[in-house]
Amino acid sequence: MIVLKSLALLAVLAVLAHFGTKAIQQRLLYFPDTRRTTPTEAELPDVTEREFEMADGTRVLTWWGPAKPGRPTLLYFHGNGGSFVTRSERIRKYMAHGYGIVMMTYRGFGGSAGAPSEKANVADALEVYDAVRASGVSPSEVVVYGESLGTGVAVQVAAQREVGGVILDAPYTSIVDLAALHYPYLPARWLMTDRYETLQSAGRVTAPALIVHGEADDIIPVEMSRRVANALKGPVKVATFPGAGHSDHYLFGSYEAIYTWLAAQFPLRPTAGKEPTLH
């Protein structure tokens with residue numbers, strides 16, 4: 001009887017730990033700006049908002065900016081904070097160089113419904129990839145671009161879909177590894193459900209990749225980028241920036257490194273006919 005009561009108590013504690021951890025995980029991992037801002041309000045006249053109803057019925061928003069003829073489209077997965085509007089300058093810069101950009105915001109961010117999770121984020125990302133392809137963009141012209149948290153989404157998309165290239169801005173080996181680093185007093189490896197195991201997916205990515213990372217990053221150690229680079233199966237270029245932190249490497253030349261890599265991977269060539277129309 002005592003054994004049965006002990007087992008029952010352990011079961012109850014396990015359930016409480018599981019659901020309590022999900023709530024804690026949401027608070028520690030995702031920091032959404034929930035406001036819905038239009039591209040016009042962000043002063044992006046060439047960008048349109050497109051709303052998707054995902055397979056489970058959840059409404060998710062995306063921003064679409066078409067590429068110039070002969071240029072690839074960046075399928076952009078952002079970090080764990082903010083939303084579209086906090087990345088409007090990035091959108092503006094890439095489009096000024098002729099690159100298309102399709103940015104998906106996660107559930108609960110920027111006017112999208114629902115709550116974010118790894119499972120939902122990756123499923124939504126795959127649906128948006130399929131929509132980009134359906135709009136007329138060939139796989140060889142799609143570059144999945146992950147920023148911080150979004151690198152874990154981008155790698156999973158590139159592992160499951162054909163892409164022309166991958167850009168990873170401060171990738172990590174797994175969110176569990178980061179949690180263990182920053183919260184060593186929590187049993188993260190046992191409790192976390194959103195794990196973003198980048199190394200496990202990286203071995204299935206064969207597209208050319210560029211990794212950019214600040215060497216003074218105190219959120220995601222630059223050594224994690226090197227481990228991700230070693231796991232990727234395609235040609236990889238790693239650009240690190242001495243003195244740069246997690247979000248300021250653009251001040252140290254990361255935009256220029258990205259433009260140079262894109263120009264080398266996707267040399268501008270004459271195109272016939274009209275560019276794809278994004279509906």
# chains A, B, ... in the order shown; residues from 1 in each chain; ligands from 1

$ select_by_dssp --residues "stretch 87-263 of chain A" --states "helix (DSSP H, G or I)" --output "ChimeraX atom specification"
/A:87-96,118-134,139-141,149-160,175-182,188-191,198-202,222-231,249-252,254-263

$ atom_distance --atom1 "atom CA of A:Ser201" --atom2 "atom CA of A:Met95"
29.2 Å

$ closest_residue --among "A:Lys119, A:Arg189, A:His182, A:His246" --to "A:Val153" --atoms "only C-alpha atoms"
A:Lys119

$ residues_around --residues "A:Gly100" --least-positions-apart "3" --cutoff "12 Å" --atoms "only C-alpha atoms" --output "ChimeraX atom specification"
/A:46-48,63-76,90-97,103,132,137,141-145,275-278

$ closest_residue --among "A:Leu268, A:Val176, A:Val163, A:Met192" --to "A:Gly234" --atoms "only C-alpha atoms"
A:Val163

$ closest_residue --among "A:Leu126, A:Val102, A:Met224, A:Val166" --to "A:Thr206" --atoms "only C-alpha atoms"
A:Val166

$ residues_around --residues "A:Ala180" --least-positions-apart "6" --cutoff "12 Å" --atoms "only C-alpha atoms" --output "MDAnalysis selection string"
chainID A and resid 173:174 186:192 195 220

$ write_last_selection --atoms "N, CA and C atoms" --output "CSV table (one decimal), in the first residue's frame"
chain,number,residue,atom,x,y,z
A,173,THR,N,23.4,24.8,-30.5
A,173,THR,CA,23.3,23.4,-30.6
A,173,THR,C,22.0,22.8,-30.3
A,174,SER,N,21.4,23.3,-29.2
A,174,SER,CA,20.0,23.0,-28.8
A,174,SER,C,19.6,24.1,-27.8
A,186,LEU,N,18.0,24.5,-12.9
A,186,LEU,CA,16.8,23.9,-13.4
A,186,LEU,C,17.1,22.6,-14.1
A,187,PRO,N,16.3,21.5,-13.9
A,187,PRO,CA,16.5,20.3,-14.6
A,187,PRO,C,16.0,20.3,-16.1
A,188,ALA,N,16.6,21.2,-16.9
A,188,ALA,CA,16.1,21.5,-18.2
A,188,ALA,C,16.1,20.3,-19.1
A,189,ARG,N,17.1,19.5,-19.0
A,189,ARG,CA,17.3,18.3,-19.9
A,189,ARG,C,16.2,17.3,-19.7
A,190,TRP,N,15.6,17.3,-18.5
A,190,TRP,CA,14.5,16.3,-18.2
A,190,TRP,C,13.2,16.9,-18.5
A,191,LEU,N,13.0,18.2,-18.3
A,191,LEU,CA,11.7,18.8,-18.3
A,191,LEU,C,11.3,19.5,-19.6
A,192,MET,N,12.2,20.1,-20.4
A,192,MET,CA,11.9,20.9,-21.5
A,192,MET,C,11.2,20.1,-22.6
A,195,ARG,N,12.7,21.8,-27.5
A,195,ARG,CA,14.1,21.5,-27.4
A,195,ARG,C,15.0,22.0,-28.5
A,220,ILE,N,24.3,33.3,-26.8
A,220,ILE,CA,24.6,32.0,-27.5
A,220,ILE,C,26.1,32.0,-27.7

$ closest_residue --among "A:Leu178, A:Ala231, A:Val236, A:Val60" --to "A:Ala123" --atoms "only C-alpha atoms"
A:Val60

$ select_by_dssp --residues "stretch 28-163 of chain A" --states "strand (DSSP E)" --output "number ranges by chain"
A: 31-32, 48-53, 59-65, 73-77, 81-82, 100-104, 142-147

$ closest_residue --among "A:Val155, A:Ala216, A:Leu251, A:Ile211" --to "A:Glu197" --atoms "only C-alpha atoms"
A:Val155

$ closest_residue --among "A:Pro184, A:Gly110, A:Gly253, A:Gly79" --to "A:Gly146" --atoms "only C-alpha atoms"
A:Gly79

$ atom_distance --atom1 "atom CA of A:Asp177" --atom2 "atom CA of A:Asn230"
16.9 Å

$ residues_around --residues "A:Thr58" --least-positions-apart "6" --cutoff "9 Å" --atoms "only C-alpha atoms" --output "PyMOL selection string"
chain A and resi 52+107+112-114

$ write_last_selection --atoms "N, CA and C atoms" --output "mmCIF file, in the first residue's frame"
data_model
loop_
_atom_site.group_PDB
_atom_site.id
_atom_site.type_symbol
_atom_site.label_atom_id
_atom_site.label_comp_id
_atom_site.auth_asym_id
_atom_site.auth_seq_id
_atom_site.Cartn_x
_atom_site.Cartn_y
_atom_site.Cartn_z
ATOM 1 N N PHE A 52 -2.371 33.507 -43.052
ATOM 2 C CA PHE A 52 -2.559 32.084 -43.329
ATOM 3 C C PHE A 52 -3.447 31.457 -42.264
ATOM 4 N N ARG A 107 3.296 32.160 -33.611
ATOM 5 C CA ARG A 107 2.001 32.283 -32.938
ATOM 6 C C ARG A 107 2.155 33.120 -31.665
ATOM 7 N N SER A 112 -0.464 37.422 -34.725
ATOM 8 C CA SER A 112 -0.808 36.027 -34.998
ATOM 9 C C SER A 112 -1.506 35.426 -33.779
ATOM 10 N N ALA A 113 -2.429 34.517 -34.045
ATOM 11 C CA ALA A 113 -3.189 33.884 -32.966
ATOM 12 C C ALA A 113 -2.378 32.761 -32.330
ATOM 13 N N GLY A 114 -2.900 32.235 -31.236
ATOM 14 C CA GLY A 114 -2.313 31.068 -30.601
ATOM 15 C C GLY A 114 -1.108 31.384 -29.743
#

$ atom_distance --atom1 "atom CA of A:Leu210" --atom2 "atom CA of A:Thr193"
28.3 Å

$ residues_around --residues "A:Thr198" --least-positions-apart "4" --cutoff "12 Å" --atoms "only C-alpha atoms" --output "PyMOL selection string"
chain A and resi 118+146+148-159+168+170-178+194+202-205+224-225+227-232

$ write_last_selection --atoms "C-alpha atoms" --output "PDB file, in the first residue's frame"
ATOM      1  CA  GLU A 118       8.569  24.341 -31.345  1.00  0.00           C
ATOM      2  CA  GLY A 146      17.284  31.925 -39.123  1.00  0.00           C
ATOM      3  CA  SER A 148      18.848  33.320 -32.981  1.00  0.00           C
ATOM      4  CA  LEU A 149      15.857  31.177 -31.896  1.00  0.00           C
ATOM      5  CA  GLY A 150      14.833  31.054 -35.556  1.00  0.00           C
ATOM      6  CA  THR A 151      18.018  29.198 -36.502  1.00  0.00           C
ATOM      7  CA  GLY A 152      16.504  26.112 -34.904  1.00  0.00           C
ATOM      8  CA  VAL A 153      13.428  26.541 -37.115  1.00  0.00           C
ATOM      9  CA  ALA A 154      15.456  27.281 -40.257  1.00  0.00           C
ATOM     10  CA  VAL A 155      17.636  24.187 -39.895  1.00  0.00           C
ATOM     11  CA  GLN A 156      14.586  21.959 -39.487  1.00  0.00           C
ATOM     12  CA  VAL A 157      12.996  23.455 -42.614  1.00  0.00           C
ATOM     13  CA  ALA A 158      16.219  22.999 -44.604  1.00  0.00           C
ATOM     14  CA  ALA A 159      16.398  19.393 -43.389  1.00  0.00           C
ATOM     15  CA  LEU A 168      22.180  31.184 -39.656  1.00  0.00           C
ATOM     16  CA  ALA A 170      23.911  33.034 -34.034  1.00  0.00           C
ATOM     17  CA  PRO A 171      22.844  29.368 -34.132  1.00  0.00           C
ATOM     18  CA  TYR A 172      22.855  27.107 -31.074  1.00  0.00           C
ATOM     19  CA  THR A 173      23.342  23.386 -30.644  1.00  0.00           C
ATOM     20  CA  SER A 174      20.007  23.043 -28.830  1.00  0.00           C
ATOM     21  CA  ILE A 175      17.788  25.170 -26.625  1.00  0.00           C
ATOM     22  CA  VAL A 176      18.279  22.559 -23.926  1.00  0.00           C
ATOM     23  CA  ASP A 177      22.034  23.216 -24.012  1.00  0.00           C
ATOM     24  CA  LEU A 178      21.366  26.953 -23.682  1.00  0.00           C
ATOM     25  CA  ASP A 194      10.649  22.801 -26.789  1.00  0.00           C
ATOM     26  CA  ALA A 202      21.934  19.767 -39.195  1.00  0.00           C
ATOM     27  CA  GLY A 203      23.205  16.415 -40.394  1.00  0.00           C
ATOM     28  CA  ARG A 204      20.405  16.332 -42.981  1.00  0.00           C
ATOM     29  CA  VAL A 205      21.148  19.780 -44.432  1.00  0.00           C
ATOM     30  CA  MET A 224      27.980  26.568 -30.629  1.00  0.00           C
ATOM     31  CA  SER A 225      28.158  28.015 -34.155  1.00  0.00           C
ATOM     32  CA  ARG A 227      29.677  22.845 -33.661  1.00  0.00           C
ATOM     33  CA  VAL A 228      26.670  23.518 -35.909  1.00  0.00           C
ATOM     34  CA  ALA A 229      29.016  24.270 -38.827  1.00  0.00           C
ATOM     35  CA  ASN A 230      30.753  20.930 -38.311  1.00  0.00           C
ATOM     36  CA  ALA A 231      27.410  19.105 -38.305  1.00  0.00           C
ATOM     37  CA  LEU A 232      26.089  20.606 -41.556  1.00  0.00           C
TER      38      LEU A 232
END
